[in-house]
file query16.cif (mmCIF, C-alpha atoms)
data_coords
loop_
_atom_site.label_atom_id
_atom_site.label_comp_id
_atom_site.auth_asym_id
_atom_site.auth_seq_id
_atom_site.Cartn_x
_atom_site.Cartn_y
_atom_site.Cartn_z
CA MET A 54 63.35 -34.91 -27.03
CA PRO A 55 62.97 -38.10 -25.06
CA LYS A 56 59.81 -40.07 -25.58
CA VAL A 57 57.46 -40.16 -22.61
CA THR A 58 55.53 -43.31 -22.08
CA LEU A 59 52.38 -43.20 -19.98
CA SER A 60 50.52 -46.04 -18.53
CA ARG A 61 46.83 -46.40 -19.24
CA GLU A 62 45.98 -45.25 -15.73
CA GLU A 63 48.25 -42.18 -16.00
CA PHE A 64 46.82 -41.24 -19.41
CA THR A 65 43.26 -41.61 -18.13
CA GLU A 66 44.00 -39.40 -15.12
CA MET A 67 45.63 -36.73 -17.33
CA VAL A 68 42.63 -36.64 -19.68
CA ARG A 69 40.25 -36.47 -16.74
CA GLY A 70 42.11 -33.46 -15.33
CA VAL A 71 42.10 -31.59 -18.65
CA VAL A 72 38.40 -32.27 -19.20
CA SER A 73 37.54 -31.32 -15.64
CA GLU A 74 39.44 -28.04 -15.91
CA THR A 75 37.81 -27.22 -19.26
CA VAL A 76 34.31 -28.04 -18.09
CA THR A 77 34.79 -26.11 -14.85
CA SER A 78 35.99 -23.08 -16.79
CA GLN A 79 33.01 -23.27 -19.14
CA ILE A 80 30.57 -23.61 -16.23
CA GLU A 81 32.13 -20.65 -14.45
CA ASN A 82 31.82 -18.54 -17.60
CA ALA A 83 28.18 -19.54 -18.02
CA VAL A 84 27.22 -19.08 -14.38
CA ALA A 85 29.00 -15.75 -13.80
CA PRO A 86 26.27 -13.61 -15.45
CA LEU A 87 23.62 -15.50 -13.47
CA ARG A 88 25.46 -14.88 -10.23
CA GLU A 89 25.79 -11.21 -11.08
CA SER A 90 22.09 -11.06 -11.97
CA GLN A 91 21.18 -12.81 -8.72
CA THR A 92 23.32 -10.37 -6.75
CA ASN A 93 21.66 -7.44 -8.50
CA TRP A 94 18.20 -8.85 -7.79
CA MET A 95 19.04 -9.40 -4.13
CA GLU A 96 20.18 -5.81 -3.87
CA GLN A 97 16.97 -4.64 -5.51
CA ILE A 98 14.90 -6.76 -3.13
CA LYS A 99 16.72 -5.24 -0.15
CA LYS A 100 16.07 -1.74 -1.48
CA VAL A 101 12.38 -2.46 -2.05
CA ALA A 102 12.02 -3.94 1.43
CA ASN A 103 13.35 -0.77 3.05
CA LYS A 104 12.19 1.92 0.67
CA PRO A 105 8.58 2.90 -0.11
CA ASP A 106 7.24 2.99 -3.63
CA ALA A 107 7.51 6.50 -5.06
CA LYS A 108 3.72 6.62 -5.43
CA ASN A 109 3.39 5.98 -1.69
CA ASP A 110 5.97 8.54 -0.57
CA HIS A 111 3.58 11.07 0.92
CA GLY A 112 1.66 8.53 2.94
CA ILE A 113 4.93 7.06 4.20
CA GLY A 114 6.20 10.58 4.93
CA VAL A 115 3.37 11.06 7.42
CA ALA A 116 4.22 7.77 9.12
CA ARG A 117 7.94 8.56 9.32
CA THR A 118 7.23 11.97 10.83
CA ILE A 119 4.95 10.44 13.45
CA ARG A 120 7.55 7.81 14.34
CA MET A 121 10.36 10.35 14.76
CA LEU A 122 8.19 12.59 16.96
CA ALA A 123 7.20 9.60 19.08
CA ALA A 124 10.79 8.55 19.58
CA ALA A 125 11.66 12.14 20.55
CA LYS A 126 8.62 12.44 22.88
CA GLY A 127 7.22 15.33 20.85
CA ASP A 128 10.46 17.35 20.69
CA ALA A 129 10.71 18.41 17.05
CA GLU A 130 14.37 19.43 17.30
CA ARG A 131 15.34 16.06 18.71
CA ALA A 132 13.08 14.33 16.18
CA ALA A 133 14.94 16.10 13.38
CA LYS A 134 18.24 14.73 14.71
CA LEU A 135 16.78 11.24 14.88
CA ALA A 136 15.52 11.67 11.31
CA LYS A 137 19.04 12.62 10.22
CA LYS A 138 20.38 9.39 11.70
CA ALA A 139 17.63 7.39 10.03
CA LEU A 140 18.30 9.17 6.73
CA ASP A 141 22.00 8.25 6.83
CA SER A 142 21.55 4.65 7.98
CA VAL A 143 18.14 3.36 6.87
CA TRP A 144 16.09 5.64 4.63
CA LYS A 145 18.79 6.97 2.28
CA ASP A 146 16.22 8.61 0.01
CA GLU A 147 14.74 11.95 -0.98
CA LEU A 148 11.64 11.38 1.11
CA GLY A 149 13.81 11.05 4.21
CA GLU A 150 15.36 14.44 3.46
CA LYS A 151 11.91 16.00 3.21
CA VAL A 152 10.88 14.48 6.54
CA GLN A 153 13.99 15.82 8.23
CA LYS A 154 13.47 19.33 6.79
CA GLN A 155 9.85 19.31 7.93
CA LEU A 156 10.90 18.43 11.47
CA MET A 157 13.63 21.07 11.43
CA ALA A 158 10.99 23.68 10.53
CA GLY A 159 9.18 22.80 13.78
CA GLU A 160 5.65 23.70 12.65
CA PHE A 161 3.44 23.75 15.75
CA ASP A 162 -0.04 24.99 16.52
CA SER A 163 -2.27 24.61 19.56
CA GLY A 164 -2.81 20.92 18.81
CA GLY A 165 0.84 19.89 18.58
CA PHE A 166 3.17 19.36 15.64
CA LEU A 167 1.39 20.13 12.35
CA ILE A 168 2.38 17.89 9.45
CA ARG A 169 2.77 19.80 6.20
CA PRO A 170 -0.16 19.66 3.73
CA GLU A 171 1.94 18.10 0.97
CA PHE A 172 2.54 15.12 3.27
CA ALA A 173 -0.94 15.00 4.84
CA ASP A 174 -2.76 15.25 1.50
CA GLY A 175 -0.85 12.21 0.32
CA ILE A 176 -2.98 10.14 2.70
CA ILE A 177 -6.17 10.95 0.76
CA PRO A 178 -5.49 8.63 -2.23
CA PHE A 179 -5.29 5.72 0.19
CA LEU A 180 -8.83 6.49 1.34
CA TYR A 181 -10.02 5.50 -2.12
CA ALA A 182 -8.62 2.01 -1.58
CA ARG A 183 -10.08 1.60 1.92
CA ALA A 184 -13.38 3.52 1.86
CA VAL A 185 -16.06 1.60 -0.03
CA VAL A 186 -18.14 4.65 -1.02
CA ARG A 187 -15.13 6.38 -2.56
CA ARG A 188 -14.07 3.14 -4.24
CA ALA A 189 -17.50 2.83 -5.82
CA GLY A 190 -16.83 5.89 -7.99
CA PRO A 191 -18.66 9.03 -6.81
CA ARG A 192 -17.89 12.44 -8.26
CA VAL A 193 -15.51 14.46 -6.06
CA LEU A 194 -15.79 18.26 -6.26
CA PRO A 195 -13.99 21.05 -4.38
CA LEU A 196 -15.81 23.05 -1.72
CA ASN A 197 -14.30 26.45 -2.39
CA ASN A 198 -14.56 28.54 0.78
CA GLY A 199 -16.27 25.55 2.36
CA THR A 200 -19.48 25.63 0.27
CA LEU A 201 -20.81 24.49 -3.08
CA THR A 202 -24.23 25.22 -4.57
CA MET A 203 -25.48 22.90 -7.29
CA PRO A 204 -28.72 23.22 -9.29
CA LYS A 205 -31.04 20.24 -9.55
CA HIS A 206 -34.17 19.46 -11.54
CA THR A 207 -37.24 18.60 -9.52
CA GLY A 208 -39.62 18.40 -12.49
CA SER A 209 -39.25 17.90 -16.23
CA VAL A 210 -40.67 19.56 -19.32
CA THR A 211 -43.79 17.75 -20.56
CA ALA A 212 -45.18 17.47 -24.08
CA SER A 213 -48.76 16.89 -25.27
CA TYR A 214 -50.68 16.35 -28.50
CA VAL A 215 -52.85 19.23 -29.69
CA GLY A 216 -55.45 19.63 -32.37
CA GLU A 217 -55.38 22.06 -35.28
CA SER A 218 -55.41 25.72 -34.20
CA GLN A 219 -55.32 24.77 -30.52
CA VAL A 220 -53.00 26.57 -28.12
CA ILE A 221 -49.87 24.64 -27.22
CA SER A 222 -49.49 24.49 -23.47
CA LYS A 223 -46.18 25.83 -22.24
CA THR A 224 -44.40 23.87 -19.55
CA GLU A 225 -41.05 24.62 -17.96
CA PRO A 226 -38.74 22.48 -15.90
CA THR A 227 -38.86 23.10 -12.17
CA GLY A 228 -35.66 23.25 -10.23
CA GLY A 229 -34.07 23.51 -6.85
CA GLN A 230 -30.66 23.69 -5.25
CA ILE A 231 -28.34 21.47 -3.30
CA ILE A 232 -26.05 23.39 -0.98
CA MET A 233 -23.04 21.50 0.31
CA THR A 234 -21.19 22.86 3.35
CA ALA A 235 -18.00 21.46 4.80
CA LYS A 236 -18.46 19.16 7.79
CA LYS A 237 -15.48 18.40 10.01
CA LEU A 238 -14.49 14.77 10.44
CA ALA A 239 -11.94 14.48 13.25
CA ALA A 240 -10.22 11.23 14.11
CA ILE A 241 -7.88 10.73 17.07
CA VAL A 242 -5.66 7.69 16.72
CA PRO A 243 -3.52 6.59 19.69
CA ILE A 244 -0.49 4.59 18.55
CA SER A 245 1.80 2.60 20.81
CA ASN A 246 5.26 4.14 21.07
CA ASP A 247 6.75 0.64 21.17
CA LEU A 248 5.66 0.20 17.57
CA LEU A 249 6.75 3.70 16.57
CA ARG A 250 10.21 3.23 18.05
CA PHE A 251 10.68 -0.18 16.45
CA ASP A 252 12.68 0.20 13.25
CA ALA A 253 11.52 -2.53 10.89
CA GLY A 254 12.45 -0.85 7.64
CA ASN A 255 9.35 0.19 5.77
CA GLN A 256 6.94 -2.15 7.54
CA ALA A 257 6.29 -0.02 10.62
CA ASP A 258 5.80 3.07 8.43
CA VAL A 259 3.23 1.24 6.31
CA TRP A 260 1.43 -0.02 9.42
CA VAL A 261 1.15 3.49 10.91
CA ARG A 262 -0.09 4.98 7.65
CA ASP A 263 -2.61 2.22 6.98
CA ASP A 264 -3.98 2.29 10.53
CA LEU A 265 -4.58 6.03 10.26
CA VAL A 266 -6.25 5.64 6.85
CA ARG A 267 -8.40 2.73 8.03
CA ARG A 268 -9.83 4.66 10.97
CA ILE A 269 -10.69 7.68 8.83
CA ALA A 270 -12.20 5.50 6.10
CA VAL A 271 -14.46 3.59 8.50
CA ARG A 272 -16.00 6.75 9.95
CA GLU A 273 -16.29 8.38 6.54
CA ASP A 274 -18.14 5.39 5.09
CA GLN A 275 -20.48 5.37 8.06
CA ALA A 276 -21.34 9.01 7.36
CA PHE A 277 -21.77 8.65 3.60
CA LEU A 278 -24.00 5.60 4.00
CA ARG A 279 -26.15 6.17 7.09
CA ASP A 280 -25.52 9.47 8.93
CA ASP A 281 -28.74 11.49 9.19
CA GLY A 282 -27.38 14.99 8.57
CA THR A 283 -27.93 16.25 12.13
CA GLU A 284 -25.40 17.53 14.66
CA HIS A 285 -22.87 18.77 12.08
CA LYS A 286 -22.81 15.44 10.24
CA PRO A 287 -23.30 14.82 6.49
CA LYS A 288 -26.53 13.27 5.30
CA GLY A 289 -25.83 9.78 3.96
CA MET A 290 -27.54 7.70 1.28
CA ARG A 291 -30.06 6.22 3.71
CA TYR A 292 -31.51 9.69 4.31
CA TRP A 293 -31.16 11.04 0.76
CA VAL A 294 -33.24 8.25 -0.81
CA ALA A 295 -36.75 9.08 -2.01
CA SER A 296 -39.30 7.52 0.35
CA GLY A 297 -40.95 5.64 -2.52
CA ASN A 298 -37.67 3.85 -3.24
CA ILE A 299 -37.52 2.14 0.17
CA THR A 300 -39.17 -1.28 0.06
CA ALA A 301 -39.46 -3.98 2.71
CA SER A 302 -38.02 -7.41 1.98
CA VAL A 303 -40.66 -9.99 1.03
CA GLY A 304 -39.00 -12.98 2.71
CA THR A 305 -36.04 -15.30 3.03
CA SER A 306 -36.51 -17.95 0.32
CA ALA A 307 -34.41 -17.92 -2.86
CA THR A 308 -37.48 -16.73 -4.77
CA ASN A 309 -38.10 -13.98 -2.21
CA ILE A 310 -34.48 -12.83 -2.44
CA GLU A 311 -34.66 -12.63 -6.23
CA THR A 312 -37.84 -10.57 -5.90
CA ASP A 313 -36.04 -8.19 -3.51
CA ILE A 314 -33.19 -7.69 -5.96
CA LYS A 315 -35.57 -7.15 -8.88
CA THR A 316 -37.44 -4.58 -6.79
CA LEU A 317 -34.20 -2.66 -6.21
CA ILE A 318 -33.64 -2.52 -9.96
CA ASN A 319 -37.26 -1.68 -10.75
CA ASN A 320 -37.27 1.23 -8.28
CA LEU A 321 -34.54 2.89 -10.33
CA GLU A 322 -35.81 2.06 -13.80
CA GLN A 323 -39.36 3.24 -13.12
CA ASN A 324 -37.84 6.62 -12.21
CA ASN A 325 -35.84 6.71 -15.47
CA VAL A 326 -32.55 6.19 -13.64
CA ALA A 327 -30.01 4.48 -15.90
CA LEU A 328 -28.48 1.28 -14.58
CA GLU A 329 -25.04 2.19 -15.92
CA ASP A 330 -22.73 3.17 -13.05
CA THR A 331 -24.98 1.48 -10.48
CA VAL A 332 -23.51 -0.54 -7.63
CA PHE A 333 -24.81 -2.54 -4.68
CA PHE A 334 -23.86 -1.87 -1.05
CA MET A 335 -24.54 -4.57 1.53
CA ALA A 336 -23.36 -6.00 4.84
CA PRO A 337 -21.02 -9.03 4.92
CA ARG A 338 -23.90 -11.16 6.22
CA SER A 339 -25.97 -10.45 3.12
CA LYS A 340 -23.06 -11.07 0.78
CA ASN A 341 -22.13 -14.36 2.41
CA HIS A 342 -25.71 -15.61 2.20
CA LEU A 343 -25.83 -14.88 -1.53
CA VAL A 344 -22.42 -16.50 -2.00
CA ASN A 345 -23.73 -19.83 -0.71
CA LEU A 346 -27.31 -19.72 -1.97
CA ARG A 347 -28.16 -22.78 -4.10
CA ASP A 348 -31.14 -23.99 -6.10
CA GLY A 349 -32.98 -27.29 -5.65
CA ASN A 350 -30.31 -29.11 -7.68
CA GLY A 351 -27.44 -27.81 -5.54
CA ASN A 352 -26.24 -25.29 -8.14
CA LEU A 353 -25.02 -21.86 -7.01
CA ILE A 354 -27.65 -19.25 -7.85
CA TYR A 355 -25.25 -16.28 -7.80
CA PRO A 356 -21.79 -17.69 -8.66
CA SER A 357 -20.51 -14.22 -9.59
CA MET A 358 -20.73 -13.31 -5.90
CA ARG A 359 -17.66 -15.54 -5.36
CA GLU A 360 -15.41 -13.46 -7.59
CA ALA A 361 -12.66 -11.22 -6.20
CA GLN A 362 -14.88 -8.27 -7.12
CA PRO A 363 -18.36 -9.69 -6.52
CA THR A 364 -21.15 -8.80 -8.93
CA LEU A 365 -24.90 -9.24 -8.73
CA PHE A 366 -27.08 -9.03 -11.84
CA GLY A 367 -23.97 -7.68 -13.58
CA ARG A 368 -23.45 -4.80 -11.13
CA PRO A 369 -20.46 -4.48 -8.71
CA VAL A 370 -21.10 -5.32 -5.06
CA PHE A 371 -19.36 -3.38 -2.28
CA VAL A 372 -19.38 -4.92 1.17
CA THR A 373 -19.20 -2.91 4.39
CA THR A 374 -19.87 -3.40 8.08
CA ASN A 375 -21.21 0.17 8.14
CA ILE A 376 -24.57 -1.21 7.01
CA PRO A 377 -25.87 -2.67 10.30
CA VAL A 378 -27.35 -6.13 10.75
CA ASN A 379 -29.11 -5.34 14.05
CA LEU A 380 -31.91 -3.08 12.81
CA GLY A 381 -35.64 -3.48 13.40
CA ALA A 382 -37.68 -4.60 16.37
CA GLY A 383 -36.07 -8.02 16.38
CA GLY A 384 -32.55 -6.58 16.18
CA ASN A 385 -31.63 -8.85 13.25
CA GLU A 386 -32.57 -6.83 10.15
CA THR A 387 -30.32 -5.20 7.58
CA GLU A 388 -30.49 -3.27 4.28
CA VAL A 389 -29.20 -3.55 0.71
CA TYR A 390 -28.65 -0.45 -1.45
CA LEU A 391 -28.55 -0.04 -5.24
CA VAL A 392 -27.11 3.35 -6.19
CA ASN A 393 -26.28 5.19 -9.41
CA MET A 394 -22.87 6.60 -8.43
CA MET A 395 -22.90 9.28 -11.13
CA GLU A 396 -25.53 11.04 -9.01
CA VAL A 397 -23.39 10.86 -5.85
CA VAL A 398 -21.13 13.80 -4.97
CA ILE A 399 -18.43 14.16 -2.33
CA GLY A 400 -17.43 17.77 -1.74
CA GLU A 401 -13.96 18.30 -0.26
CA ALA A 402 -12.59 21.45 1.38
CA ALA A 403 -8.95 22.21 2.16
CA GLY A 404 -7.17 18.89 2.57
CA LEU A 405 -6.28 16.56 5.37
CA GLN A 406 -4.85 18.21 8.47
CA ILE A 407 -2.71 15.94 10.64
CA GLU A 408 -1.27 16.87 14.03
CA VAL A 409 0.88 14.84 16.40
CA ASP A 410 1.11 15.12 20.19
CA SER A 411 2.80 12.85 22.73
CA SER A 412 1.46 14.45 25.90
CA ALA A 413 -2.25 15.13 25.31
CA SER A 414 -5.18 13.19 26.77
CA TYR A 415 -8.10 11.61 24.96
CA THR A 416 -11.45 10.08 25.80
CA SER A 417 -11.76 6.29 25.70
CA GLY A 418 -15.33 5.25 26.44
CA ALA A 419 -16.28 7.25 29.51
CA SER A 420 -12.69 7.68 30.74
CA LEU A 421 -10.09 10.37 30.13
CA VAL A 422 -6.81 8.71 29.21
CA SER A 423 -3.34 10.25 29.31
CA SER A 424 -1.24 9.37 26.26
CA PHE A 425 1.90 10.22 28.26
CA GLU A 426 1.05 7.72 31.01
CA ARG A 427 0.21 5.03 28.45
CA ASP A 428 3.35 5.72 26.41
CA GLU A 429 1.33 6.52 23.29
CA THR A 430 1.47 9.14 20.60
CA LEU A 431 -1.79 10.77 19.53
CA VAL A 432 -2.43 11.50 15.88
CA ARG A 433 -5.34 13.80 15.11
CA ALA A 434 -6.58 13.92 11.53
CA ILE A 435 -9.17 16.45 10.37
CA GLU A 436 -10.93 16.21 7.02
CA MET A 437 -13.52 18.73 5.79
CA HIS A 438 -16.17 17.40 3.43
CA ASP A 439 -19.87 16.99 2.66
CA PHE A 440 -21.98 14.43 0.84
CA ALA A 441 -24.94 14.82 -1.50
CA VAL A 442 -27.07 12.93 -4.02
CA MET A 443 -28.22 14.91 -7.03
CA HIS A 444 -31.45 12.96 -7.46
CA GLU A 445 -33.04 11.09 -4.58
CA GLU A 446 -34.54 8.58 -7.03
CA ALA A 447 -31.01 7.40 -7.92
CA ILE A 448 -30.97 5.32 -4.71
CA SER A 449 -33.03 2.19 -4.08
CA ILE A 450 -33.11 0.39 -0.72
CA ILE A 451 -34.55 -2.90 0.47
CA ASN A 452 -34.86 -2.91 4.26
CA GLN A 453 -36.16 -5.34 6.90
CA ILE A 454 -33.91 -8.02 5.38
CA THR A 455 -33.48 -11.12 7.53
CA TRP A 456 -32.07 -13.54 4.98
CA GLY A 457 -28.68 -14.66 6.21
CA ALA A 458 -29.53 -13.95 9.83
#
call {"tool": "encode", "arguments": {"input": "query16.cif", "output": "structure tokens"}}
result
Amino acid sequence: MPKVTLSREEFTEMVRGVVSETVTSQIENAVAPLRESQTNWMEQIKKVANKPDAKNDHGIGVARTIRMLAAAKGDAERAAKLAKKALDSVWKDELGEKVQKQLMAGEFDSGGFLIRPEFADGIIPFLYARAVVRRAGPRVLPLNNGTLTMPKHTGSVTASYVGESQVISKTEPTGGQIIMTAKKLAAIVPISNDLLRFDAGNQADVWVRDDLVRRIAVREDQAFLRDDGTEHKPKGMRYWVASGNITASVGTSATNIETDIKTLINNLEQNNVALEDTVFFMAPRSKNHLVNLRDGNGNLIYPSMREAQPTLFGRPVFVTTNIPVNLGAGGNETEVYLVNMMEVVIGEAAGLQIEVDSSASYTSGASLVSSFERDETLVRAIEMHDFAVMHEEAISIINQITWGA
């Protein structure tokens, strides 16, 4: 075999090629699993972006049904065909099959297309995230046949010291009843058909569901906090509270505010109400004033009010615009509540009834508006419930508050 002689430059180039090929091969072998992993993750991200979480299926099912009916202008048969196309091209999941079957069943009543209870009831868990009273942890009990009767103590057994051979006085607890009856909360939500027709994966479905939940939650909170129990409405906390547990604010200074808060606590403790499970309810104005309140040295007085879940004197604070800030003669007063939530009961009857109509009219202010003319779809949600407080002394309220105004 003839001897091959290489110049230095040729030898260097040959070595460089071998090394480059070896290194490239090693890099490719190392990177291949990462590329595969990245591809898998991208596929997962795409699936998540266009498919609802399994826990959210029912709430999304309501939104998908509404969107299909809107696109079909209320024609359930046509909506079912549109759902089939969406199932094959976008949804590609079991929930989509259920939506299509529901539309094929064509369940109508006098109010339009009636969404099945298994879908409609899936909205209720989302109320717990949006409605502050529910989020605060009340007891929720069923109203079988629309009513629930609960016993309550209005007086306690008393004991006394007696002398030798004296008769022991007999005392018995006195009681009463709380009767809860289902009240009908009806919400009509007009939704633009432009949004309902727009296919943005899961985003439009989530928007429709959350808008419906938000509107129900706002009215429900208003009832549970401050409705007076007249005209078929529940009686809220403001009208359950014992009159002796309502105290006027003493002023606006930091010392006055601390006195107000201590009075709230004292009103409960002097009635033997445990502070476990108690929470504060207040308007955003009140919360924001406490957030920024400082002492003479510039130190925050209530730093815990700046936390993601604010607390005051160790108790959770729930903030809601359903506590007004325009009360009183001056139109600038508000209230703060301290409530033992173990004494608060929400009674629920049936479930959530949701109906969809693309041709009905609704009242906006003093005007009658046609949803057909405005290219809107109407969603009507009906919830049957009542609200009660087992012991009126379990609520304490400071009113006539002007701090923060």
call {"tool": "resolve_selection", "arguments": {"input": "query16.cif", "expression": "the PyMOL selection byres ((chain A and resi 424-427) around 7)", "output": "VMD selection string"}}
result
chain A and resid 411 to 414 422 to 423 428 to 431
call {"tool": "closest_residue", "arguments": {"input": "query16.cif", "among": "A:Glu386, A:Val186, A:Leu167, A:Leu405", "to": "A:Gly304", "atoms": "only C-alpha atoms"}}
result
A:Glu386
call {"tool": "closest_residue", "arguments": {"input": "query16.cif", "among": "A:Gly216, A:Pro243, A:Gly457, A:Gly159", "to": "A:Glu388", "atoms": "all atoms listed in the file"}}
result
A:Gly457
call {"tool": "atom_distance", "arguments": {"input": "query16.cif", "atom1": "atom CA of A:Asp258", "atom2": "atom CA of A:Ala240"}}
result
18.9 Å
call {"tool": "residues_around", "arguments": {"input": "query16.cif", "residues": "A:Gly404", "least_positions_apart": "4", "cutoff": "9 Å", "atoms": "all atoms listed in the file", "output": "JSON, numbers by chain"}}
result
{"A": [170, 173, 174, 177, 435, 436, 437]}
call {"tool": "resolve_selection", "arguments": {"input": "query16.cif", "expression": "the PyMOL selection byres ((chain A and resi 281) around 12)", "output": "list in words"}}
result
Gln275, Ala276, Phe277, Leu278, Arg279, Asp280, Gly282, Thr283, Glu284, His285, Lys286, Pro287, Lys288, Gly289, Met290, Arg291, Tyr292, Trp293, Val294, Phe440 and Ala441 of chain A
call {"tool": "closest_residue", "arguments": {"input": "query16.cif", "among": "A:Asn255, A:Met395, A:Val193, A:Leu148", "to": "A:Tyr181", "atoms": "all atoms listed in the file"}}
result
A:Val193
call {"tool": "resolve_selection", "arguments": {"input": "query16.cif", "expression": "the PyMOL selection byres ((chain A and resi 370) around 9)", "output": "list in words"}}
result
Ala189, Val332, Phe333, Phe334, Met335, Lys340, Met358, Gln362, Pro363, Thr364, Leu365, Arg368, Pro369, Phe371 and Val372 of chain A
call {"tool": "decode", "arguments": {"input": "query16.cif", "residues": "stretch 176-241 of chain A", "atoms": "C-alpha atoms", "output": "tab-separated table (two decimals), in the first residue's frame"}}
result
chain	number	residue	atom	x	y	z
A	176	ILE	CA	-72.21	27.16	36.88
A	177	ILE	CA	-72.94	27.14	40.63
A	178	PRO	CA	-69.38	26.26	41.78
A	179	PHE	CA	-68.13	29.35	39.99
A	180	LEU	CA	-70.44	31.48	42.13
A	181	TYR	CA	-68.33	30.50	45.13
A	182	ALA	CA	-65.31	32.13	43.50
A	183	ARG	CA	-67.15	35.32	42.50
A	184	ALA	CA	-69.73	35.89	45.25
A	185	VAL	CA	-68.10	37.23	48.42
A	186	VAL	CA	-70.76	35.92	50.84
A	187	ARG	CA	-70.46	32.39	49.49
A	188	ARG	CA	-66.67	32.66	49.49
A	189	ALA	CA	-66.73	33.64	53.15
A	190	GLY	CA	-67.95	30.16	54.11
A	191	PRO	CA	-71.67	30.04	55.02
A	192	ARG	CA	-73.49	26.75	55.48
A	193	VAL	CA	-75.45	25.71	52.37
A	194	LEU	CA	-78.53	23.54	52.93
A	195	PRO	CA	-81.14	22.16	50.51
A	196	LEU	CA	-84.64	23.61	50.44
A	197	ASN	CA	-86.59	20.44	49.84
A	198	ASN	CA	-89.93	21.34	48.23
A	199	GLY	CA	-88.81	24.95	48.46
A	200	THR	CA	-88.87	25.28	52.27
A	201	LEU	CA	-86.74	24.54	55.30
A	202	THR	CA	-87.70	24.97	58.96
A	203	MET	CA	-84.88	25.27	61.48
A	204	PRO	CA	-85.20	25.52	65.27
A	205	LYS	CA	-83.38	28.30	67.10
A	206	HIS	CA	-82.77	29.13	70.75
A	207	THR	CA	-84.03	32.50	71.90
A	208	GLY	CA	-83.19	32.00	75.58
A	209	SER	CA	-80.84	29.75	77.54
A	210	VAL	CA	-81.13	27.60	80.63
A	211	THR	CA	-80.05	29.50	83.76
A	212	ALA	CA	-78.55	28.19	86.98
A	213	SER	CA	-78.63	29.65	90.51
A	214	TYR	CA	-77.23	28.94	93.97
A	215	VAL	CA	-79.68	27.66	96.57
A	216	GLY	CA	-79.52	27.11	100.28
A	217	GLU	CA	-80.07	23.84	102.13
A	218	SER	CA	-83.58	22.42	101.70
A	219	GLN	CA	-84.57	25.23	99.33
A	220	VAL	CA	-86.46	24.48	96.14
A	221	ILE	CA	-84.34	24.52	93.00
A	222	SER	CA	-85.92	26.75	90.42
A	223	LYS	CA	-86.56	25.02	87.11
A	224	THR	CA	-85.71	26.91	83.96
A	225	GLU	CA	-86.03	25.73	80.39
A	226	PRO	CA	-84.56	27.05	77.18
A	227	THR	CA	-86.92	29.09	75.05
A	228	GLY	CA	-86.97	28.54	71.34
A	229	GLY	CA	-88.32	29.68	68.04
A	230	GLN	CA	-88.16	28.79	64.38
A	231	ILE	CA	-86.57	30.08	61.23
A	232	ILE	CA	-88.53	29.23	58.11
A	233	MET	CA	-86.67	29.56	54.84
A	234	THR	CA	-88.66	29.71	51.60
A	235	ALA	CA	-87.22	29.76	48.11
A	236	LYS	CA	-86.95	33.20	46.53
A	237	LYS	CA	-86.47	33.48	42.78
A	238	LEU	CA	-83.41	35.33	41.53
A	239	ALA	CA	-83.73	35.92	37.79
A	240	ALA	CA	-80.96	37.45	35.72
A	241	ILE	CA	-81.26	38.36	32.04
